[in-house]
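Enquirer: The structure file upload.tsv (TSV, N, CA, C and O atoms) is provided below.
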chain	number	residue	atom	x	y	z
S	117	MET	N	141.43	-76.01	-48.52
S	117	MET	CA	141.11	-75.42	-49.81
S	117	MET	C	139.65	-75.70	-50.18
S	117	MET	O	138.98	-74.84	-50.71
S	118	ARG	N	139.21	-76.92	-49.88
S	118	ARG	CA	137.83	-77.27	-50.20
S	118	ARG	C	136.86	-76.43	-49.38
S	118	ARG	O	135.82	-76.00	-49.88
S	119	ASP	N	137.20	-76.18	-48.12
S	119	ASP	CA	136.33	-75.36	-47.27
S	119	ASP	C	136.25	-73.92	-47.79
S	119	ASP	O	135.19	-73.31	-47.75
S	120	LEU	N	137.38	-73.41	-48.28
S	120	LEU	CA	137.39	-72.06	-48.83
S	120	LEU	C	136.47	-71.97	-50.04
S	120	LEU	O	135.67	-71.03	-50.16
S	121	LEU	N	136.56	-72.94	-50.94
S	121	LEU	CA	135.70	-72.93	-52.12
S	121	LEU	C	134.22	-73.09	-51.75
S	121	LEU	O	133.35	-72.45	-52.33
S	122	LYS	N	133.98	-73.93	-50.75
S	122	LYS	CA	132.60	-74.13	-50.29
S	122	LYS	C	132.03	-72.85	-49.69
S	122	LYS	O	130.89	-72.47	-49.98
S	123	ASP	N	132.82	-72.16	-48.87
S	123	ASP	CA	132.39	-70.91	-48.27
S	123	ASP	C	132.19	-69.83	-49.33
S	123	ASP	O	131.23	-69.05	-49.27
S	124	LEU	N	133.09	-69.77	-50.29
S	124	LEU	CA	132.98	-68.78	-51.36
S	124	LEU	C	131.73	-69.01	-52.19
S	124	LEU	O	131.00	-68.08	-52.52
S	125	TRP	N	131.45	-70.27	-52.54
S	125	TRP	CA	130.25	-70.59	-53.30
S	125	TRP	C	128.99	-70.25	-52.48
S	125	TRP	O	128.03	-69.70	-53.02
S	126	GLY	N	129.00	-70.56	-51.20
S	126	GLY	CA	127.86	-70.22	-50.35
S	126	GLY	C	127.63	-68.72	-50.28
S	126	GLY	O	126.48	-68.26	-50.32
S	127	PHE	N	128.71	-67.95	-50.19
S	127	PHE	CA	128.59	-66.50	-50.17
S	127	PHE	C	127.99	-65.98	-51.47
S	127	PHE	O	127.07	-65.16	-51.46
S	128	MET	N	128.52	-66.48	-52.60
S	128	MET	CA	128.03	-66.00	-53.90
S	128	MET	C	126.56	-66.39	-54.12
S	128	MET	O	125.79	-65.62	-54.67
S	129	ARG	N	126.19	-67.58	-53.67
S	129	ARG	CA	124.81	-68.03	-53.86
S	129	ARG	C	123.84	-67.24	-52.97
S	129	ARG	O	122.76	-66.85	-53.40
S	130	GLU	N	124.25	-66.99	-51.73
S	130	GLU	CA	123.36	-66.31	-50.79
S	130	GLU	C	123.20	-64.83	-51.12
S	130	GLU	O	122.12	-64.28	-51.04
S	131	ARG	N	124.30	-64.18	-51.51
S	131	ARG	CA	124.28	-62.74	-51.75
S	131	ARG	C	124.02	-62.38	-53.22
S	131	ARG	O	124.05	-61.21	-53.57
S	132	LYS	N	123.84	-63.40	-54.08
S	132	LYS	CA	123.61	-63.20	-55.51
S	132	LYS	C	124.77	-62.44	-56.16
S	132	LYS	O	124.58	-61.50	-56.92
S	133	LYS	N	125.98	-62.85	-55.84
S	133	LYS	CA	127.19	-62.22	-56.37
S	133	LYS	C	127.86	-63.13	-57.40
S	133	LYS	O	129.06	-63.36	-57.36
S	134	PHE	N	127.10	-63.65	-58.33
S	134	PHE	CA	127.65	-64.57	-59.30
S	134	PHE	C	128.61	-63.89	-60.28
S	134	PHE	O	129.36	-64.56	-60.98
S	135	TRP	N	128.61	-62.58	-60.35
S	135	TRP	CA	129.53	-61.87	-61.21
S	135	TRP	C	130.97	-62.00	-60.71
S	135	TRP	O	131.91	-61.73	-61.46
S	136	LEU	N	131.15	-62.44	-59.47
S	136	LEU	CA	132.50	-62.64	-58.95
S	136	LEU	C	133.18	-63.89	-59.53
S	136	LEU	O	134.40	-63.96	-59.58
S	137	ALA	N	132.40	-64.85	-59.99
S	137	ALA	CA	132.95	-66.12	-60.48
S	137	ALA	C	133.92	-65.93	-61.65
S	137	ALA	O	135.02	-66.50	-61.62
S	138	PRO	N	133.58	-65.17	-62.70
S	138	PRO	CA	134.55	-65.00	-63.79
S	138	PRO	C	135.82	-64.27	-63.35
S	138	PRO	O	136.92	-64.59	-63.83
S	139	ILE	N	135.70	-63.34	-62.44
S	139	ILE	CA	136.88	-62.61	-61.95
S	139	ILE	C	137.81	-63.57	-61.22
S	139	ILE	O	139.03	-63.57	-61.44
S	140	ILE	N	137.26	-64.41	-60.37
S	140	ILE	CA	138.06	-65.36	-59.61
S	140	ILE	C	138.70	-66.38	-60.55
S	140	ILE	O	139.86	-66.74	-60.39
S	141	LEU	N	137.95	-66.83	-61.55
S	141	LEU	CA	138.47	-67.80	-62.51
S	141	LEU	C	139.64	-67.22	-63.29
S	141	LEU	O	140.67	-67.89	-63.46
S	142	VAL	N	139.54	-65.99	-63.76
S	142	VAL	CA	140.63	-65.36	-64.50
S	142	VAL	C	141.86	-65.18	-63.60
S	142	VAL	O	142.98	-65.40	-64.04
S	143	MET	N	141.63	-64.79	-62.36
S	143	MET	CA	142.76	-64.63	-61.45
S	143	MET	C	143.47	-65.96	-61.21
S	143	MET	O	144.71	-66.01	-61.16
S	144	LEU	N	142.72	-67.04	-61.08
S	144	LEU	CA	143.32	-68.36	-60.89
S	144	LEU	C	144.09	-68.80	-62.13
S	144	LEU	O	145.18	-69.37	-62.02
S	145	LEU	N	143.55	-68.54	-63.30
S	145	LEU	CA	144.24	-68.91	-64.54
S	145	LEU	C	145.54	-68.13	-64.71
S	145	LEU	O	146.57	-68.70	-65.08
S	146	LEU	N	145.51	-66.84	-64.43
S	146	LEU	CA	146.74	-66.05	-64.53
S	146	LEU	C	147.76	-66.49	-63.49
S	146	LEU	O	148.96	-66.54	-63.78
S	147	GLY	N	147.32	-66.81	-62.30
S	147	GLY	CA	148.23	-67.32	-61.27
S	147	GLY	C	148.86	-68.63	-61.69
S	147	GLY	O	150.04	-68.87	-61.48
S	148	GLY	N	148.06	-69.50	-62.31
S	148	GLY	CA	148.59	-70.77	-62.81
S	148	GLY	C	149.61	-70.57	-63.90
S	148	GLY	O	150.63	-71.28	-63.96
S	149	LEU	N	149.37	-69.61	-64.79
S	149	LEU	CA	150.35	-69.31	-65.83
S	149	LEU	C	151.66	-68.80	-65.26
S	149	LEU	O	152.74	-69.15	-65.73
S	150	ILE	N	151.58	-67.98	-64.24
S	150	ILE	CA	152.79	-67.45	-63.61
S	150	ILE	C	153.58	-68.58	-62.95
S	150	ILE	O	154.81	-68.65	-63.08
S	151	VAL	N	152.90	-69.47	-62.27
S	151	VAL	CA	153.58	-70.59	-61.62
S	151	VAL	C	154.20	-71.50	-62.68
S	151	VAL	O	155.32	-71.98	-62.53
S	152	LEU	N	153.48	-71.74	-63.76
S	152	LEU	CA	153.99	-72.59	-64.83
S	152	LEU	C	155.20	-71.97	-65.53
S	152	LEU	O	156.11	-72.68	-65.94
S	153	ALA	N	155.21	-70.66	-65.62
S	153	ALA	CA	156.27	-69.98	-66.35
S	153	ALA	C	157.59	-69.90	-65.57
S	153	ALA	O	158.63	-69.63	-66.16
S	154	GLN	N	157.56	-70.15	-64.30
S	154	GLN	CA	158.79	-70.05	-63.50
S	154	GLN	C	159.64	-71.29	-63.68
S	154	GLN	O	159.38	-72.34	-63.11
S	155	GLY	N	160.66	-71.17	-64.48
S	155	GLY	CA	161.65	-72.23	-64.60
S	155	GLY	C	161.22	-73.41	-65.44
S	155	GLY	O	161.69	-74.52	-65.21
S	156	SER	N	160.37	-73.23	-66.41
S	156	SER	CA	160.00	-74.34	-67.27
S	156	SER	C	160.39	-74.03	-68.71
S	156	SER	O	160.70	-72.90	-69.07
S	157	ALA	N	160.36	-75.05	-69.55
S	157	ALA	CA	160.69	-74.87	-70.95
S	157	ALA	C	159.58	-74.16	-71.71
S	157	ALA	O	159.78	-73.70	-72.83
S	158	VAL	N	158.41	-74.04	-71.10
S	158	VAL	CA	157.28	-73.39	-71.74
S	158	VAL	C	157.33	-71.88	-71.55
S	158	VAL	O	156.61	-71.15	-72.23
S	159	ALA	N	158.18	-71.40	-70.67
S	159	ALA	CA	158.23	-69.98	-70.31
S	159	ALA	C	158.38	-69.05	-71.51
S	159	ALA	O	157.65	-68.05	-71.58
S	160	PRO	N	159.27	-69.29	-72.46
S	160	PRO	CA	159.38	-68.34	-73.59
S	160	PRO	C	158.10	-68.23	-74.40
S	160	PRO	O	157.78	-67.17	-74.92
S	161	PHE	N	157.34	-69.30	-74.49
S	161	PHE	CA	156.09	-69.25	-75.24
S	161	PHE	C	155.01	-68.50	-74.48
S	161	PHE	O	154.17	-67.84	-75.08
S	162	LEU	N	155.03	-68.59	-73.15
S	162	LEU	CA	154.06	-67.86	-72.36
S	162	LEU	C	154.34	-66.36	-72.36
S	162	LEU	O	153.43	-65.55	-72.32
S	163	TYR	N	155.60	-65.99	-72.42
S	163	TYR	CA	155.94	-64.56	-72.43
S	163	TYR	C	155.46	-63.89	-73.70
S	163	TYR	O	155.19	-62.70	-73.71
S	164	THR	N	155.36	-64.64	-74.79
S	164	THR	CA	154.87	-64.03	-76.03
S	164	THR	C	153.39	-63.70	-75.96
S	164	THR	O	152.91	-62.87	-76.71
S	165	LEU	N	152.66	-64.34	-75.05
S	165	LEU	CA	151.23	-64.03	-74.90
S	165	LEU	C	151.02	-62.66	-74.28
S	165	LEU	O	150.02	-62.01	-74.54
S	166	PHE	N	151.96	-62.22	-73.46
S	166	PHE	CA	151.81	-60.95	-72.79
S	166	PHE	C	152.76	-59.95	-73.36
S	166	PHE	O	152.91	-58.89	-73.06
With the file now loaded, output its structure as structure tokens.

Expert:
Amino acid sequence: MRDLLKDLWGFMRERKKFWLAPIILVMLLLGGLIVLAQGSAVAPFLYTLF
């Protein structure tokens, strides 16, 4: 995982693609919410956000 992040950062720095960072961050946050919502007591509160 660390190598993936290192390679991704190197790609963005070399190619000047820093606009990709917010997109990746939002995708990770949404993925984390989905994982958190599966079978937890917090799930009903997360469903109200969407």

Enquirer: When DSSP is applied to the backbone of this structure, which of chain S are assigned helix (DSSP H, G or I)? Write them out as JSON, numbers by chain.

Expert: {"S": [118, 119, 120, 121, 122, 123, 124, 125, 126, 127, 128, 129, 130, 131, 136, 137, 138, 139, 140, 141, 142, 143, 144, 145, 146, 147, 148, 149, 150, 151, 152, 153, 159, 160, 161, 162, 163]}

Enquirer: Just the number, please: distance in Å from atom N of Lys122 (chain S) to CA of Met143 (chain S), one decimal.

Expert: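 According to the coordinates, atom N of Lys122 (chain S) and CA of Met143 (chain S) are separated by 16.7 Å.
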
Enquirer: What does the distance between CA of Ala137 (chain S) and CA of Leu165 (chain S) come to in Å, to one decimal place?

Expert: 23.4 Å

Enquirer: I'd like the interatomic distance between CA of Glu130 (chain S) and atom C of Met117 (chain S), to a tenth of an Å.

Expert: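 Result for CA of Glu130 (chain S) versus atom C of Met117 (chain S): 18.8 Å, one decimal.
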
Enquirer: Enclose region 129-146 of chain S, meaning all of its atoms listed in the file, in a box aligned along x, y and z, pad it by 8 Å on each side, and list the centre and edge lengths in Å to one decimal, as AutoDock Vina command-line options.

Expert:
--center_x 135.5 --center_y -65.3 --center_z -57.9 --size_x 42.8 --size_y 24.2 --size_z 30.3
